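Colleague: The following file, entry_38.cif, comprises mmCIF, C-alpha atoms and all ligand atoms:
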```
data_start
#
loop_
_atom_site.label_atom_id
_atom_site.label_comp_id
_atom_site.auth_asym_id
_atom_site.auth_seq_id
_atom_site.Cartn_x
_atom_site.Cartn_y
_atom_site.Cartn_z
CA MET X 854 110.83 65.01 93.25
CA TYR X 855 111.59 64.12 89.66
CA GLN X 856 107.85 64.20 88.88
CA ILE X 857 107.49 67.70 90.39
CA ILE X 858 110.44 69.09 88.41
CA LYS X 859 109.07 67.48 85.25
CA GLN X 860 105.65 69.08 85.88
CA ILE X 861 107.19 72.52 86.52
CA LEU X 862 109.17 72.32 83.30
CA SER X 863 106.16 71.21 81.26
CA THR X 864 103.82 73.85 82.81
CA GLY X 865 106.12 76.83 82.27
CA ILE X 866 105.62 80.34 83.73
CA LYS X 867 101.95 81.27 84.10
CA THR X 868 102.20 84.67 85.84
CA GLU X 869 101.84 88.01 84.03
CA ALA X 870 105.03 89.46 82.59
CA PRO X 871 106.08 92.55 84.58
CA PRO X 872 105.52 95.92 82.81
CA GLN X 873 108.43 97.81 81.32
CA PRO X 874 109.89 100.59 83.50
CA ASP X 875 108.74 104.13 82.62
CA ASP X 876 111.66 106.55 82.93
CA THR X 877 109.39 109.54 82.37
CA LEU X 878 107.39 108.58 85.42
CA ARG X 879 110.55 108.09 87.45
CA VAL X 880 111.69 111.64 86.67
CA GLU X 881 108.25 112.97 87.58
CA ILE X 882 108.29 111.19 90.91
CA GLN X 883 111.80 112.39 91.70
CA ASN X 884 110.88 115.97 90.86
CA LEU X 885 107.82 115.77 93.07
CA GLN X 886 109.79 114.28 95.94
CA GLU X 887 112.44 116.99 95.77
CA LYS X 888 109.79 119.71 95.77
CA ILE X 889 107.91 118.12 98.64
CA LEU X 890 111.08 117.76 100.68
CA ARG X 891 111.97 121.40 100.05
CA GLN X 892 108.51 122.60 101.09
CA LEU X 893 107.91 120.36 104.05
CA GLY X 894 111.35 120.22 105.56
CA SER X 895 110.35 117.55 108.05
CA ALA X 896 106.86 116.10 108.07
CA LEU X 897 103.28 116.35 106.91
CA ALA X 898 100.58 114.44 108.78
CA ILE X 899 97.49 113.57 106.73
CA ARG X 900 94.14 112.39 108.03
CA HIS X 901 92.14 110.63 105.33
CA VAL X 902 88.37 110.98 105.53
CA ASP X 903 86.01 108.86 103.44
CA ALA X 904 82.92 111.04 103.26
CA GLY X 905 80.97 108.71 100.97
CA SER X 906 83.37 107.33 98.36
CA CYS X 907 82.76 104.21 96.25
CA ASN X 908 86.20 103.11 97.52
CA GLY X 909 87.90 103.63 94.16
CA CYS X 910 89.73 106.73 95.42
CA GLU X 911 90.77 104.80 98.54
CA LEU X 912 92.51 102.20 96.40
CA GLU X 913 94.64 104.93 94.81
CA ILE X 914 95.42 106.46 98.22
CA HIS X 915 96.38 102.97 99.35
CA ALA X 916 98.64 102.69 96.29
CA LEU X 917 100.22 106.02 97.21
CA ASN X 918 101.40 104.31 100.40
CA ASN X 919 103.35 101.75 98.39
CA ALA X 920 107.10 101.72 98.92
CA TYR X 921 107.34 102.76 95.25
CA TYR X 922 106.27 106.33 96.04
CA ASN X 923 108.33 106.49 99.24
CA ILE X 924 106.07 109.05 100.93
CA GLU X 925 107.20 107.90 104.40
CA GLY X 926 110.74 108.70 103.32
CA LEU X 927 109.53 112.21 102.50
CA GLY X 928 108.05 112.69 105.93
CA ILE X 929 104.47 112.33 104.68
CA HIS X 930 102.43 109.95 106.78
CA PHE X 931 98.81 109.18 107.50
CA VAL X 932 97.50 109.58 111.04
CA ALA X 933 94.46 108.13 112.78
CA SER X 934 93.23 111.34 114.41
CA PRO X 935 92.44 114.77 112.94
CA ARG X 936 93.99 116.25 116.08
CA HIS X 937 97.38 115.02 114.86
CA ALA X 938 96.86 116.14 111.25
CA ASP X 939 98.08 119.06 109.14
CA MET X 940 95.94 118.08 106.17
CA LEU X 941 92.61 116.39 105.53
CA LEU X 942 92.47 114.24 102.39
CA VAL X 943 88.77 113.84 101.72
CA THR X 944 87.15 111.44 99.25
CA GLY X 945 83.69 110.96 97.85
CA PRO X 946 80.67 113.13 97.53
CA VAL X 947 79.63 113.91 101.09
CA ALA X 948 76.90 111.49 102.06
CA ARG X 949 74.22 113.20 104.17
CA HIS X 950 74.96 110.91 107.10
CA MET X 951 78.66 111.96 106.92
CA GLU X 952 78.04 115.71 106.79
CA ILE X 953 78.21 116.34 110.54
CA ALA X 954 81.10 113.89 110.99
CA LEU X 955 83.10 115.71 108.30
CA LYS X 956 82.40 119.11 109.87
CA ARG X 957 83.46 117.79 113.28
CA THR X 958 86.62 116.29 111.80
CA TYR X 959 87.45 119.64 110.20
CA ASP X 960 86.81 121.49 113.46
CA ALA X 961 89.00 119.00 115.35
CA THR X 962 91.97 119.59 113.03
CA PRO X 963 94.32 122.24 114.43
CA GLU X 964 95.16 125.42 112.50
CA PRO X 965 96.80 125.93 110.13
CA LYS X 966 95.09 123.12 108.24
CA LEU X 967 94.81 122.18 104.62
CA VAL X 968 92.01 120.32 102.86
CA VAL X 969 92.49 118.37 99.64
CA ALA X 970 89.31 117.12 97.93
CA VAL X 971 89.99 113.88 96.07
CA GLY X 972 88.36 112.66 92.87
CA ASP X 973 85.58 113.90 90.64
CA CYS X 974 83.12 113.22 93.44
CA GLY X 975 85.08 115.35 95.88
CA CYS X 976 85.55 118.12 93.31
CA ASP X 977 82.02 118.46 91.95
CA GLY X 978 79.87 115.61 93.21
CA GLY X 979 80.89 113.35 90.32
CA LEU X 980 78.54 110.54 89.38
CA PHE X 981 76.39 111.07 92.44
CA GLY X 982 75.89 114.83 92.41
CA GLU X 983 73.57 116.38 94.97
CA SER X 984 70.45 114.65 96.16
CA TYR X 985 68.46 113.81 99.29
CA ALA X 986 71.29 111.36 100.12
CA SER X 987 74.32 113.38 98.98
CA CYS X 988 75.64 116.88 99.76
CA GLY X 989 77.78 116.69 96.60
CA ARG X 990 81.23 118.30 96.51
CA ILE X 991 83.39 118.54 99.61
CA SER X 992 83.41 122.34 99.46
CA ASN X 993 79.63 122.29 100.05
CA VAL X 994 80.45 121.19 103.61
CA ILE X 995 83.97 122.39 104.55
CA PRO X 996 86.48 124.85 102.98
CA VAL X 997 88.69 123.18 100.37
CA ASP X 998 92.20 124.31 99.38
CA ILE X 999 92.90 121.94 96.51
CA ALA X 1000 90.65 119.76 94.36
CA VAL X 1001 92.27 116.79 92.57
CA PRO X 1002 90.03 115.56 89.72
CA GLY X 1003 89.95 112.06 88.27
CA CYS X 1004 87.81 109.00 88.74
CA PRO X 1005 89.86 107.99 90.53
CA PRO X 1006 92.97 110.22 90.45
CA THR X 1007 96.30 108.42 90.16
CA PRO X 1008 98.80 108.35 93.04
CA ILE X 1009 100.95 110.85 91.12
CA ALA X 1010 97.97 113.20 90.75
CA LEU X 1011 97.36 112.85 94.50
CA LEU X 1012 101.01 113.72 95.21
CA GLN X 1013 100.71 116.74 92.94
CA GLY X 1014 97.61 117.84 94.82
CA ILE X 1015 99.40 117.47 98.16
CA LEU X 1016 102.39 119.38 96.80
CA THR X 1017 100.17 122.16 95.44
CA ALA X 1018 98.45 122.45 98.82
CA VAL X 1019 101.69 122.78 100.78
CA THR X 1020 103.12 125.33 98.33
CA GLY X 1021 100.32 127.75 99.24
CA GLY X 1022 97.49 129.37 97.28
CA THR X 1023 94.05 130.72 97.85
CA LYS X 1024 91.13 128.97 99.43
CA SER X 1025 88.64 127.67 96.89
CA GLY X 1026 86.01 126.62 99.37
CA ASN X 1027 84.44 129.95 100.15
CA ASP X 1028 81.09 128.48 99.26
CA ALA X 1029 81.31 126.12 102.22
CA LYS X 1030 78.31 126.24 104.48
S1 LIG X 1101 85.74 109.93 91.97
FE1 LIG X 1101 85.29 107.91 91.04
S2 LIG X 1101 86.56 106.46 92.21
FE2 LIG X 1101 86.42 108.35 93.45
S3 LIG X 1101 84.66 108.05 94.83
FE3 LIG X 1101 83.88 109.08 92.97
S4 LIG X 1101 83.15 107.40 91.63
FE4 LIG X 1101 84.53 106.49 93.19
#
```
What does this structure look like when you write it as structure tokens?
Modeller:
Amino acid sequence: MYQIIKQILSTGIKTEAPPQPDDTLRVEIQNLQEKILRQLGSALAIRHVDAGSCNGCELEIHALNNAYYNIEGLGIHFVASPRHADMLLVTGPVARHMEIALKRTYDATPEPKLVVAVGDCGCDGGLFGESYASCGRISNVIPVDIAVPGCPPTPIALLQGILTAVTGGTKSGNDAK
């Protein structure tokens, strides 16, 4: 036991020091949460669809589910079926082999439904663009209400996109096929 304590004392702390709190960010999150609560009242069910992402956007969506952002406390939750969803959160350029699946997912989502395109790829095709393997932007396949740029967008940017979608606006996906 003495040897272990001696080794701990001689080794010291090897983990990264935690970052300093950012009060500006805290205010931003609180403002967003208040606005979301006011708009939603009770709940928003989101179905996430990976239409061909590199998985970078998924990591940020995963981070959005951290307790830190408290989206469950706001009544925002992710569901496994489009039939239970109010909103589709779609990532990636649309891979050709996902085109039909994305259309079917959109059709299976009950009205009124919202679509948020995530990331540069979702907004304009990003790094991958349009090719024999990629349909490019989400709005090339289904109507999109909100496009959140970034490669990948931060959790706060995603929350802002969700908030913007639920506060109304015009459809931007009129070019959908
Ligand atoms: S926007 Fe960036 S992180 Fe997101 S799928 Fe495209 S390349 Fe990946």
Colleague: X:Ile929, X:Leu917, X:Ile924, X:Leu942: which is nearest Ile991 in chain X, counting all atoms listed in the file?
Modeller: X:Leu942
Colleague: Can you tell me which residues come within 8 Å of ligand LIG 1101 (chain X) when counting all atoms listed in the file, ideally as a ChimeraX atom specification?
Modeller: /X:905-911,944-946,971-975,978-981,1002-1006
Colleague: So the first atom is CA of Thr1017 in chain X and the second is CA of Glu983 in chain X; what is the distance between them in Å, to one decimal place?
Modeller: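 Taking CA of Thr1017 in chain X as the start and CA of Glu983 in chain X as the end point, the length is 27.2 Å.
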Colleague: From the set X:Asn923, X:Ile866, X:Lys859, X:Asn884, which residue has the shortest atom-to-atom contact distance to Leu1016 in chain X, counting only C-alpha atoms?
Modeller: X:Asn884
Colleague: One number please: CA of Pro996 in chain X to CA of Ile1009 in chain X, in Å, one decimal.
Modeller: 23.4 Å
Colleague: So which one's closest to Ala904 in chain X, X:Asp960, X:Glu952, X:Asp998, X:Asp977? Using all atoms listed in the file, please.
Modeller: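 Closest candidate: X:Glu952.
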Colleague: Which residue, X:Asn993, X:Asp939, X:Gly865, X:Ala920, has the smallest gap to Ile1015 in chain X when you use all atoms listed in the file?
Modeller: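 So, comparing all the options, the nearest one is X:Asp939.
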Colleague: Which of these residues is nearest to Arg957 in chain X, using all atoms listed in the file: X:Val969, X:Val902, X:Ala1000, X:Gly926?
Modeller: X:Val902
Colleague: Give the answer as one residue: which of X:Leu912, X:Cys988, X:Ala933, X:Leu941 has the shortest atom-to-atom distance to Pro965 in chain X, using all atoms listed in the file?
Modeller: X:Leu941
Colleague: Identify, on the basis of all atoms listed in the file, every residue whose closest approach to Ala938 in chain X does not exceed 8 Å; exclude the query and any residue fewer than 4 positions from it along the same chain; express the result as a ChimeraX atom specification.
Modeller: /X:897-900,932,934,962-963,966
Colleague: Could you work out how far CA of Ile953 in chain X lies from CA of Ile914 in chain X, giving the answer in Å with one decimal?
Modeller: 23.4 Å
Colleague: Starting from the point (72.7, 112.7, 101.1), work out which residues of protein, DNA or RNA have an atom no more than 9 Å away when counting only C-alpha atoms; state them as a PyMOL selection string.
Modeller: chain X and resi 946-952+983-989
Colleague: Would you write out those residues with C-alpha atoms, as a PDB file, keeping the file's coordinate frame?
Modeller:
```
ATOM      1  CA  PRO X 946      80.670 113.130  97.530  1.00  0.00           C
ATOM      2  CA  VAL X 947      79.630 113.910 101.090  1.00  0.00           C
ATOM      3  CA  ALA X 948      76.900 111.490 102.060  1.00  0.00           C
ATOM      4  CA  ARG X 949      74.220 113.200 104.170  1.00  0.00           C
ATOM      5  CA  HIS X 950      74.960 110.910 107.100  1.00  0.00           C
ATOM      6  CA  MET X 951      78.660 111.960 106.920  1.00  0.00           C
ATOM      7  CA  GLU X 952      78.040 115.710 106.790  1.00  0.00           C
ATOM      8  CA  GLU X 983      73.570 116.380  94.970  1.00  0.00           C
ATOM      9  CA  SER X 984      70.450 114.650  96.160  1.00  0.00           C
ATOM     10  CA  TYR X 985      68.460 113.810  99.290  1.00  0.00           C
ATOM     11  CA  ALA X 986      71.290 111.360 100.120  1.00  0.00           C
ATOM     12  CA  SER X 987      74.320 113.380  98.980  1.00  0.00           C
ATOM     13  CA  CYS X 988      75.640 116.880  99.760  1.00  0.00           C
ATOM     14  CA  GLY X 989      77.780 116.690  96.600  1.00  0.00           C
TER      15      GLY X 989
END
```
